[in-house]
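Participant: Take a look at the following structure, please.
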Amino acid sequence: MQKKQRLQAPTGMHDILPEDQPYFEKVYATAKDLATFYGFSRIDTPLVEDAKLYEKGTGVTTDIVEKQMFLLRTKGGDVLALRPEFTPGMARAYLQHGMVNLPQPVKLYTSGPLFRYEHPQAGRFRQFHQVDLEVFGDESPAIDAQVIQIFYSLLKELKIPHLTIEVNSIGDNQCRPYYKKLLVNFLRSRQYSLCLECRRRMKTNPLRILDCKEEKCQRVRAQAPQIIDHLCDKCKTHFTSLLELLDEADLPYHLDPYLVRGLDYYTKTVFEIIPERAQPQEGGKPSSLAGGGRFDTLVKVLGNKDVPASGAAAGVERIVFLMKELGMSVQISQTPKVFLAQLGESAKKKSVKLLEELRQANIPVAESLGRDSLRAQLARADKLEVAFTLILGQREVLDNTIVIRRMDNGIQETLKIDKVVEEIKKRLKK
RNA sequence: GUGGGCGUAGCUUAGCGGCUAAAGCGUCGCUCUGUGGCAGCGAAGAUCGCGGGUUCGAAUCCCGUCGCUCACCCCA
């Protein structure tokens with residue numbers, strides 16, 4: 001005998017159980033409505049992409065590429081990665097299908113699972129889901145504002161309270177290299193006041209030192225030059241105009257000069273939407289529900305075409321977690337209001353056909369064909385909290401009738417079986 | 001990568017050296033063979049995460065290991 005081995009889902013990956021599905025459906029449905037309204041078209045890209053896509057797109061010095069990719073090798077020797085984020089795949093699809101030749105901007109949305117190999121903890125999993133929007137071919141700050149607006153509205157519609165929008169600009173290829181030098185020069189003199197990780201970052205990705213959570217690094221950065229004071233004219237105008245648009249739209253933003261985000265491709269606008277926790281928990285800081293920004297150079301990096309772009313994504317599990325924490329009850333999937341009980345072989349046979357007739361009439365109906373006693377079937381009907389139970393027994397089969405029973409007061413009447421669909425429809429309307 | 005917490009029925013837990021590992025919820029059945037909610041009775045369901053050690057005896061003590069979880073880092 002083999003040792004019995006307990007099989008379970010891999011670390012950081014979870015089953016989304018039936019009782020949680022309504023929450024996920026609600027998030028997806030709301031996102032779909034919003035995206036559709038704002039002119040986004042659905043696209044689905046593969047779960048795996050060539051790992052090089054992320055190395056080039058997301059950036060080799062980012063945590064995501066450096067240590068969080070699930071890699072697999074094909075028989076032919078290609079190295080593929082389970083997608084750790086959507087944006088590079090979306091950009092690849094845009095290029096591959098010649099969407100540069102479509103009327104611009106091209107607005108795309110998608111949703112689905114993403115994979116990052118990291119230590120799971122609250123609100124952070126190895127397989128998780130995002131809703132993602134990308135706009136290609138438009139450099140206007142109005143697009144950035146619209147993307148922010150959509151994600152803010154999404155969270156609002158899902159009734160997540162106390163949202164803060166953190167925004168910043170991290171410049172572009174004109175001004176950022178200059179600022180980086182400025183920053184590194186400033187930091188060099190105080191590098192021994194920085195944490196080890198940040199000392200390493202000075203060479204690889206100095207901007208990230210700005211959002212280091214170490215207290216000593218934060219003390220240093222308080223003295224550091226801020227990027228918004230060193231934007232080139234173009235970026236400055238873009239950012240000013242974005243803030244005006246946000247003001248105009250009454251979006252409650254907060255300018256966080258240290259927000260830089262961990263992905264290489266961002267230019268100009270970056271933002272995150274952060275909730276206030278319903279129940280402040282010890283130690284648990286609120287993590288962002290949505291984040292994104294502008295990435296005007298990504299398409300160029302991947303396909304040598306100059307296409308400005310902007311986009312963002314929201315974490316579905318995190319939103320669902322909050323909805324549940326807030327005690328929100330969500331009911332989407334239509335639960336049956338009718339139960340069909342049967343007694344005896346002939347009735348059971350007839351039930352199969354009747355069920356199908358009810359289905360075609362779009363009446364959700366539950367049954368328990370495996371149970372024979374009426375008592376057990378009614379108990380089941382009760383548990384399901386249906387409004388009516390149809391009872392079909394030997395007698396009824398002979399008379400071509402059926403009994404309809406109100407579950408709230410037990411009153412029942414007998415009617416002709418060919419009238420039952422119509423009658424149920426009528427009663428359910430009330 | 002680095003730390004803390006936790007592993008006993010499907011779920012929540014009790015038991016912390018000694019009968020056949022216990023209860024509540026849930027599931028199924030019976031009382032009640034054509035009438036639910038209540039109640040009573042009963043059944044199924046656990047090699048106490050796994051391996052080793054100590055002991056006459058281990059779910060319980062010790063060591064190891066695996067898994068889960070929380071936190072740091074980073075992010076959605």
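Each chain of the structure tokens is named A, B, ... in the order shown, its residues numbered from 1; ligands are numbered from 1 in display order.
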Tell me which protein, DNA and RNA residues are within 10 Å of Lys350 (chain A), counting only C-alpha atoms (C1' of nucleotides), leaving out same-chain ones fewer than 6 positions away, and put them as a list in words.

Facilitator: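 So the residues in contact are Gln342, Leu392, Gly393 and Val397 of chain A.
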
Participant: I need the residues from that last selection saved to file as a CSV table (one decimal), in the first residue's frame (with N, CA and C atoms), if you can.

Facilitator:
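Okay, result.csv is ready:
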```csv
chain,number,residue,atom,x,y,z
A,342,GLN,N,-41.1,14.5,-6.3
A,342,GLN,CA,-41.8,13.4,-7.0
A,342,GLN,C,-41.9,12.2,-6.2
A,392,LEU,N,-45.4,16.0,-7.5
A,392,LEU,CA,-45.9,15.1,-8.5
A,392,LEU,C,-45.9,13.7,-8.1
A,393,GLY,N,-47.0,13.1,-7.8
A,393,GLY,CA,-47.1,11.7,-7.3
A,393,GLY,C,-47.8,10.8,-8.3
A,397,VAL,N,-50.0,11.9,-11.6
A,397,VAL,CA,-49.6,11.4,-12.9
A,397,VAL,C,-50.9,10.9,-13.7
```

Participant: As a list in words, please: all residues of region 181-319 of chain A that backbone DSSP puts in strand (DSSP E).

Facilitator: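 Listing strand (DSSP E) positions across region 181-319 of chain A yields Tyr253, His254, Leu255, Thr267, Lys268, Thr269, Val270, Phe271, Glu272, Ile273, Ile274, Pro275, Ala290, Gly291, Gly292, Gly293, Arg294, Ala309, Ser310, Gly311, Ala312, Ala313, Ala314 and Gly315 of chain A.
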
Participant: Write the selection just made, keeping N, CA and C atoms, as a CSV table (one decimal), in the first residue's frame?

Facilitator:
```csv
chain,number,residue,atom,x,y,z
A,253,TYR,N,-7.6,62.9,-4.7
A,253,TYR,CA,-6.3,62.3,-4.8
A,253,TYR,C,-5.3,63.0,-3.8
A,254,HIS,N,-4.2,62.3,-3.6
A,254,HIS,CA,-3.2,62.8,-2.7
A,254,HIS,C,-1.9,62.7,-3.4
A,255,LEU,N,-1.1,63.8,-3.5
A,255,LEU,CA,0.1,63.7,-4.2
A,255,LEU,C,1.2,63.1,-3.3
A,267,THR,N,6.3,55.8,-17.0
A,267,THR,CA,6.8,57.1,-17.3
A,267,THR,C,5.7,58.1,-16.9
A,268,LYS,N,6.1,59.3,-16.5
A,268,LYS,CA,5.1,60.3,-16.1
A,268,LYS,C,4.2,59.7,-15.0
A,269,THR,N,2.9,59.6,-15.3
A,269,THR,CA,1.9,59.3,-14.3
A,269,THR,C,2.1,57.9,-13.6
A,270,VAL,N,2.1,57.9,-12.3
A,270,VAL,CA,1.9,56.6,-11.6
A,270,VAL,C,0.8,56.9,-10.5
A,271,PHE,N,0.0,55.8,-10.2
A,271,PHE,CA,-1.0,56.0,-9.2
A,271,PHE,C,-1.3,54.7,-8.5
A,272,GLU,N,-1.8,54.8,-7.3
A,272,GLU,CA,-2.4,53.6,-6.6
A,272,GLU,C,-3.6,54.1,-5.9
A,273,ILE,N,-4.5,53.1,-5.7
A,273,ILE,CA,-5.7,53.4,-4.9
A,273,ILE,C,-5.7,52.5,-3.7
A,274,ILE,N,-5.8,53.2,-2.5
A,274,ILE,CA,-5.6,52.5,-1.2
A,274,ILE,C,-6.8,52.7,-0.4
A,275,PRO,N,-7.2,51.6,0.3
A,275,PRO,CA,-8.4,51.7,1.2
A,275,PRO,C,-8.0,52.0,2.6
A,290,ALA,N,-5.6,48.9,-6.3
A,290,ALA,CA,-5.4,49.1,-7.8
A,290,ALA,C,-4.2,50.0,-8.0
A,291,GLY,N,-3.6,49.8,-9.1
A,291,GLY,CA,-2.4,50.6,-9.4
A,291,GLY,C,-2.1,50.6,-10.8
A,292,GLY,N,-1.4,51.6,-11.3
A,292,GLY,CA,-1.0,51.7,-12.7
A,292,GLY,C,-0.3,53.0,-13.0
A,293,GLY,N,-0.4,53.3,-14.3
A,293,GLY,CA,0.3,54.5,-14.7
A,293,GLY,C,0.5,54.5,-16.2
A,294,ARG,N,1.3,55.5,-16.6
A,294,ARG,CA,1.6,55.7,-18.0
A,294,ARG,C,2.9,55.0,-18.4
A,309,ALA,N,1.2,55.0,-24.0
A,309,ALA,CA,0.1,54.2,-23.5
A,309,ALA,C,0.0,54.4,-22.0
A,310,SER,N,-1.2,54.0,-21.5
A,310,SER,CA,-1.5,54.2,-20.1
A,310,SER,C,-2.4,53.1,-19.6
A,311,GLY,N,-2.3,52.6,-18.4
A,311,GLY,CA,-3.2,51.6,-18.0
A,311,GLY,C,-3.1,51.3,-16.5
A,312,ALA,N,-3.9,50.3,-16.0
A,312,ALA,CA,-3.9,50.0,-14.6
A,312,ALA,C,-4.6,48.7,-14.4
A,313,ALA,N,-4.4,48.2,-13.2
A,313,ALA,CA,-5.1,46.9,-12.8
A,313,ALA,C,-5.5,47.0,-11.4
A,314,ALA,N,-6.5,46.2,-11.1
A,314,ALA,CA,-7.0,46.1,-9.7
A,314,ALA,C,-7.0,44.6,-9.3
A,315,GLY,N,-6.7,44.4,-8.0
A,315,GLY,CA,-6.6,43.1,-7.5
A,315,GLY,C,-7.9,42.5,-7.0
```

Participant: Do you know which residues are at most 12 Å from Arg371 (chain A) counting only C-alpha atoms (C1' of nucleotides), after dropping those on the same chain fewer than 3 positions away, and could you put them as a list of chain:residue names?

Facilitator: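 Answer for this query is A:Leu340, A:Ala341, A:Gln342, A:Leu343, A:Gly344, A:Glu345, A:Lys348, A:Glu367, A:Ser368, A:Leu374, A:Arg375, A:Ala376, A:Gln377, A:Leu378, A:Ala379, A:Arg380, A:Ala381, B:C28, B:G29.
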
Participant: Show which residues sit within 8 Å of region 73-81 of chain A, as a list in words. Count only C-alpha atoms (C1' of nucleotides), and ignore same-chain residues fewer than 2 positions away.

Facilitator: Val48, Glu49, Asp50, Ala51, Met69, Phe70, Leu71, Arg83 and Pro84 of chain A

Participant: Selection from above, C-alpha atoms, as a PDB file, in the first residue's frame, can you write it?

Facilitator:
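Written file, out01.pdb:
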```pdb
ATOM      1  CA  VAL A  48       2.153  31.991 -20.492  1.00  0.00           C
ATOM      2  CA  GLU A  49       4.418  34.199 -22.528  1.00  0.00           C
ATOM      3  CA  ASP A  50       8.027  34.081 -23.572  1.00  0.00           C
ATOM      4  CA  ALA A  51       9.984  34.981 -20.439  1.00  0.00           C
ATOM      5  CA  MET A  69       8.425  34.381 -12.162  1.00  0.00           C
ATOM      6  CA  PHE A  70       7.192  30.839 -12.536  1.00  0.00           C
ATOM      7  CA  LEU A  71       9.347  29.591 -15.377  1.00  0.00           C
ATOM      8  CA  ARG A  83       2.289  35.773 -16.623  1.00  0.00           C
ATOM      9  CA  PRO A  84       3.172  37.807 -13.519  1.00  0.00           C
TER      10      PRO A  84
END
```

Participant: Could you give me, as a Markdown table, every chain B residue with an atom at most 8 Å from chain A, plus its closest atom pair and distance in Å to one decimal, counting only C-alpha atoms (C1' of nucleotides), rows ordered by chain then number?

Facilitator:
```
| residue | atom | partner | partner_atom | distance |
| --- | --- | --- | --- | --- |
| B:U33 | C1' | A:Ser373 | CA | 8.0 |
| B:G34 | C1' | A:Leu374 | CA | 6.7 |
| B:U35 | C1' | A:Arg375 | CA | 6.1 |
| B:G36 | C1' | A:Ala379 | CA | 4.5 |
| B:G37 | C1' | A:Asp382 | CA | 6.9 |
| B:U69 | C1' | A:Gln121 | CA | 7.4 |
| B:C70 | C1' | A:Gln121 | CA | 6.5 |
| B:C74 | C1' | A:Asp63 | CA | 6.8 |
| B:C75 | C1' | A:Gly262 | CA | 7.8 |
| B:A76 | C1' | A:Gly315 | CA | 3.9 |
```

Participant: Please produce a file of those selected residues containing N, CA and C atoms (P, O5', C5', C4', C3', O3' and C1' of nucleotides), as a PDB file, in the first residue's frame.

Facilitator:
```
ATOM      1  P     U B  33     -44.870   7.089   7.003  1.00  0.00           P
ATOM      2  O5'   U B  33     -43.888   6.167   6.194  1.00  0.00           O
ATOM      3  C5'   U B  33     -42.804   6.681   5.428  1.00  0.00           C
ATOM      4  C4'   U B  33     -42.815   5.935   4.123  1.00  0.00           C
ATOM      5  C3'   U B  33     -43.996   6.325   3.229  1.00  0.00           C
ATOM      6  O3'   U B  33     -43.511   7.199   2.204  1.00  0.00           O
ATOM      7  C1'   U B  33     -43.833   3.934   3.488  1.00  0.00           C
ATOM      8  P     G B  34     -43.452   8.718   2.411  1.00  0.00           P
ATOM      9  O5'   G B  34     -44.714   9.202   1.620  1.00  0.00           O
ATOM     10  C5'   G B  34     -45.977   9.291   2.245  1.00  0.00           C
ATOM     11  C4'   G B  34     -46.632  10.554   1.744  1.00  0.00           C
ATOM     12  C3'   G B  34     -47.980  10.783   2.389  1.00  0.00           C
ATOM     13  O3'   G B  34     -47.983  12.079   2.954  1.00  0.00           O
ATOM     14  C1'   G B  34     -48.062  11.017   0.009  1.00  0.00           C
ATOM     15  P     U B  35     -47.914  12.147   4.621  1.00  0.00           P
ATOM     16  O5'   U B  35     -47.062  13.459   4.876  1.00  0.00           O
ATOM     17  C5'   U B  35     -45.634  13.435   4.745  1.00  0.00           C
ATOM     18  C4'   U B  35     -45.189  14.842   4.449  1.00  0.00           C
ATOM     19  C3'   U B  35     -45.765  15.868   5.413  1.00  0.00           C
ATOM     20  O3'   U B  35     -44.741  16.795   5.728  1.00  0.00           O
ATOM     21  C1'   U B  35     -46.315  16.447   3.186  1.00  0.00           C
ATOM     22  P     G B  36     -44.086  16.812   7.171  1.00  0.00           P
ATOM     23  O5'   G B  36     -42.901  17.854   6.889  1.00  0.00           O
ATOM     24  C5'   G B  36     -41.681  17.369   6.337  1.00  0.00           C
ATOM     25  C4'   G B  36     -40.723  18.516   6.178  1.00  0.00           C
ATOM     26  C3'   G B  36     -40.613  19.425   7.404  1.00  0.00           C
ATOM     27  O3'   G B  36     -39.632  18.898   8.268  1.00  0.00           O
ATOM     28  C1'   G B  36     -40.893  20.739   5.447  1.00  0.00           C
ATOM     29  P     G B  37     -39.646  19.182   9.827  1.00  0.00           P
ATOM     30  O5'   G B  37     -39.023  20.629   9.944  1.00  0.00           O
ATOM     31  C5'   G B  37     -37.717  20.948   9.431  1.00  0.00           C
ATOM     32  C4'   G B  37     -37.560  22.445   9.584  1.00  0.00           C
ATOM     33  C3'   G B  37     -37.744  22.881  11.019  1.00  0.00           C
ATOM     34  O3'   G B  37     -36.703  23.770  11.405  1.00  0.00           O
ATOM     35  C1'   G B  37     -39.295  23.988   9.584  1.00  0.00           C
ATOM     36  P     U B  69      -1.749  29.537   3.317  1.00  0.00           P
ATOM     37  O5'   U B  69      -1.683  30.315   4.712  1.00  0.00           O
ATOM     38  C5'   U B  69      -2.857  30.507   5.497  1.00  0.00           C
ATOM     39  C4'   U B  69      -2.470  31.087   6.831  1.00  0.00           C
ATOM     40  C3'   U B  69      -1.768  32.434   6.770  1.00  0.00           C
ATOM     41  O3'   U B  69      -2.691  33.498   6.658  1.00  0.00           O
ATOM     42  C1'   U B  69      -0.588  30.992   8.230  1.00  0.00           C
ATOM     43  P     C B  70      -2.286  34.778   5.814  1.00  0.00           P
ATOM     44  O5'   C B  70      -1.451  35.619   6.890  1.00  0.00           O
ATOM     45  C5'   C B  70      -2.061  36.076   8.087  1.00  0.00           C
ATOM     46  C4'   C B  70      -1.006  36.556   9.048  1.00  0.00           C
ATOM     47  C3'   C B  70      -0.022  37.580   8.514  1.00  0.00           C
ATOM     48  O3'   C B  70      -0.554  38.890   8.505  1.00  0.00           O
ATOM     49  C1'   C B  70       1.159  35.927   9.706  1.00  0.00           C
ATOM     50  P     C B  74      10.437  47.488  -0.103  1.00  0.00           P
ATOM     51  O5'   C B  74       9.599  46.811  -1.273  1.00  0.00           O
ATOM     52  C5'   C B  74      10.238  46.479  -2.508  1.00  0.00           C
ATOM     53  C4'   C B  74       9.390  45.493  -3.261  1.00  0.00           C
ATOM     54  C3'   C B  74       8.079  46.024  -3.808  1.00  0.00           C
ATOM     55  O3'   C B  74       8.269  46.703  -5.032  1.00  0.00           O
ATOM     56  C1'   C B  74       7.709  43.953  -2.752  1.00  0.00           C
ATOM     57  P     C B  75       7.212  47.733  -5.604  1.00  0.00           P
ATOM     58  O5'   C B  75       5.881  46.866  -5.616  1.00  0.00           O
ATOM     59  C5'   C B  75       5.148  46.671  -6.813  1.00  0.00           C
ATOM     60  C4'   C B  75       4.283  45.463  -6.679  1.00  0.00           C
ATOM     61  C3'   C B  75       2.792  45.704  -6.863  1.00  0.00           C
ATOM     62  O3'   C B  75       2.438  45.616  -8.233  1.00  0.00           O
ATOM     63  C1'   C B  75       3.162  44.451  -4.886  1.00  0.00           C
ATOM     64  P     A B  76       1.306  46.621  -8.849  1.00  0.00           P
ATOM     65  O5'   A B  76      -0.038  45.860  -8.508  1.00  0.00           O
ATOM     66  C5'   A B  76      -1.241  46.298  -9.113  1.00  0.00           C
ATOM     67  C4'   A B  76      -2.397  45.856  -8.253  1.00  0.00           C
ATOM     68  C3'   A B  76      -2.198  46.187  -6.786  1.00  0.00           C
ATOM     69  O3'   A B  76      -2.755  47.450  -6.507  1.00  0.00           O
ATOM     70  C1'   A B  76      -2.827  43.917  -7.050  1.00  0.00           C
TER      71        A B  76
END
```

Participant: Report the distance between CA of Leu302 (chain A) and CA of Ser241 (chain A) in Å, rounded to one decimal place.

Facilitator: 28.5 Å

Participant: What's the 12 Å shell around G10 (chain B), counting only C-alpha atoms (C1' of nucleotides), without same-chain residues fewer than 6 positions away, as a ChimeraX atom specification?

Facilitator: /B:25-27,45-46

Participant: Find the residues around U13 (chain B) up to 10 Å (only C-alpha atoms (C1' of nucleotides) counted), leave out those fewer than 3 positions away in its own chain, and share them as a list in words.

Facilitator: U8, A23 and G24 of chain B

Participant: Using only N, CA and C atoms (P, O5', C5', C4', C3', O3' and C1' of nucleotides), please write the residues we just selected to a file, as a compact mmCIF listing (two decimals), in the first residue's frame.

Facilitator:
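So the final result, stored in out29.txt, reads:
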```txt
# COMPACT_ATOMS: atom_id res chain seq x y z
P U B 8 -5.65 19.99 12.87
O5' U B 8 -5.67 18.76 13.89
C5' U B 8 -5.28 17.48 13.44
C4' U B 8 -6.04 16.42 14.19
C3' U B 8 -7.55 16.47 14.04
O3' U B 8 -7.97 15.86 12.84
C1' U B 8 -7.02 16.23 16.32
P A B 23 -19.18 12.01 21.75
O5' A B 23 -19.35 13.60 21.72
C5' A B 23 -19.93 14.26 22.85
C4' A B 23 -19.84 15.74 22.68
C3' A B 23 -20.63 16.34 21.53
O3' A B 23 -21.99 16.49 21.84
C1' A B 23 -18.48 17.32 21.62
P G B 24 -23.08 16.53 20.71
O5' G B 24 -22.93 18.01 20.12
C5' G B 24 -23.34 19.13 20.90
C4' G B 24 -22.98 20.40 20.17
C3' G B 24 -23.46 20.48 18.73
O3' G B 24 -24.80 20.93 18.64
C1' G B 24 -21.17 21.07 18.81
```

Participant: Write out as a short mmCIF file (atom, residue, chain, number, x, y, z; two decimals) with N, CA and C atoms, in the first residue's frame which residues come within 12 Å of region 94-97 of chain A when counting only C-alpha atoms (C1' of nucleotides), dropping same-chain ones fewer than 4 positions away.

Facilitator:
```
data_model
loop_
_atom_site.label_atom_id
_atom_site.label_comp_id
_atom_site.auth_asym_id
_atom_site.auth_seq_id
_atom_site.Cartn_x
_atom_site.Cartn_y
_atom_site.Cartn_z
N ILE A 43 -10.08 41.58 -24.40
CA ILE A 43 -9.09 40.73 -25.07
C ILE A 43 -8.61 39.72 -24.04
N ASP A 44 -8.26 38.51 -24.50
CA ASP A 44 -7.66 37.53 -23.60
C ASP A 44 -6.33 37.13 -24.18
N THR A 45 -5.31 37.23 -23.37
CA THR A 45 -3.98 36.84 -23.82
C THR A 45 -3.60 35.54 -23.10
N THR A 87 0.37 43.85 -18.39
CA THR A 87 0.74 44.89 -19.34
C THR A 87 1.65 44.44 -20.50
N PRO A 88 2.77 43.75 -20.23
CA PRO A 88 3.60 43.38 -21.37
C PRO A 88 2.88 42.48 -22.37
N GLY A 89 2.06 41.58 -21.89
CA GLY A 89 1.31 40.72 -22.80
C GLY A 89 0.32 41.50 -23.64
N MET A 90 -0.28 42.50 -23.02
CA MET A 90 -1.23 43.33 -23.74
C MET A 90 -0.50 44.12 -24.83
N ASN A 101 -2.38 50.07 -36.55
CA ASN A 101 -3.09 50.54 -37.74
C ASN A 101 -4.57 50.78 -37.51
N LEU A 102 -5.03 50.51 -36.31
CA LEU A 102 -6.43 50.80 -36.00
C LEU A 102 -6.55 52.26 -35.61
N GLN A 104 -6.64 55.18 -33.35
CA GLN A 104 -6.12 55.30 -31.99
C GLN A 104 -7.02 56.24 -31.19
N PRO A 105 -7.12 56.11 -29.90
CA PRO A 105 -6.44 55.09 -29.11
C PRO A 105 -7.15 53.74 -29.18
N VAL A 106 -6.40 52.69 -28.90
CA VAL A 106 -6.97 51.36 -28.78
C VAL A 106 -7.12 51.07 -27.29
N LYS A 107 -8.36 50.83 -26.91
CA LYS A 107 -8.63 50.60 -25.48
C LYS A 107 -8.97 49.14 -25.26
N LEU A 108 -8.18 48.48 -24.42
CA LEU A 108 -8.36 47.05 -24.19
C LEU A 108 -8.53 46.76 -22.71
N TYR A 109 -9.37 45.77 -22.42
CA TYR A 109 -9.41 45.33 -21.02
C TYR A 109 -9.39 43.81 -20.97
N GLU A 134 -5.94 48.84 -20.46
CA GLU A 134 -4.80 49.49 -21.10
C GLU A 134 -5.32 50.35 -22.25
N VAL A 135 -4.70 51.53 -22.39
CA VAL A 135 -5.03 52.40 -23.52
C VAL A 135 -3.76 52.65 -24.31
N PHE A 136 -3.79 52.28 -25.59
CA PHE A 136 -2.60 52.47 -26.43
C PHE A 136 -2.85 53.58 -27.44
N GLY A 137 -1.81 54.39 -27.66
CA GLY A 137 -1.88 55.36 -28.74
C GLY A 137 -2.48 56.70 -28.35
N LEU A 298 7.16 51.54 -23.35
CA LEU A 298 7.11 50.07 -23.38
C LEU A 298 6.96 49.50 -24.78
N VAL A 299 6.04 50.06 -25.55
CA VAL A 299 5.79 49.52 -26.89
C VAL A 299 7.03 49.68 -27.75
N LYS A 300 7.73 50.79 -27.56
CA LYS A 300 8.97 51.04 -28.29
C LYS A 300 10.01 49.97 -27.95
N VAL A 301 10.11 49.67 -26.67
CA VAL A 301 11.07 48.67 -26.21
C VAL A 301 10.76 47.30 -26.83
N LEU A 302 9.49 46.98 -26.91
CA LEU A 302 9.09 45.66 -27.39
C LEU A 302 9.02 45.57 -28.90
N GLY A 303 8.65 46.67 -29.56
CA GLY A 303 8.37 46.55 -30.98
C GLY A 303 8.89 47.67 -31.84
N ASN A 304 9.69 48.56 -31.22
CA ASN A 304 10.29 49.63 -31.98
C ASN A 304 9.27 50.54 -32.66
N LYS A 305 8.11 50.67 -32.05
CA LYS A 305 7.13 51.63 -32.56
C LYS A 305 6.82 52.59 -31.43
N ASP A 306 6.74 53.86 -31.78
CA ASP A 306 6.51 54.85 -30.74
C ASP A 306 5.03 54.97 -30.42
N VAL A 307 4.60 54.29 -29.37
CA VAL A 307 3.18 54.33 -29.01
C VAL A 307 3.03 54.64 -27.54
N ALA A 309 1.18 55.00 -24.00
CA ALA A 309 0.14 54.15 -23.45
C ALA A 309 -0.01 54.39 -21.97
#
```

Participant: With DSSP run on the backbone, what are the helix (DSSP H, G or I) residues within region 242-389 of chain A? I'd like them as a ChimeraX atom specification.

Facilitator: /A:242-248,298-303,316-325,345-360,374-383

Participant: Report, in Å to a single decimal, how far apart CA of Val220 (chain A) and CA of Gln191 (chain A) are.

Facilitator: 9.0 Å

Participant: Figure out the distance between CA of Val386 (chain A) and CA of Lys337 (chain A), please, to one decimal in Å.

Facilitator: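 Distance reported for this atom pair: 4.2 Å.
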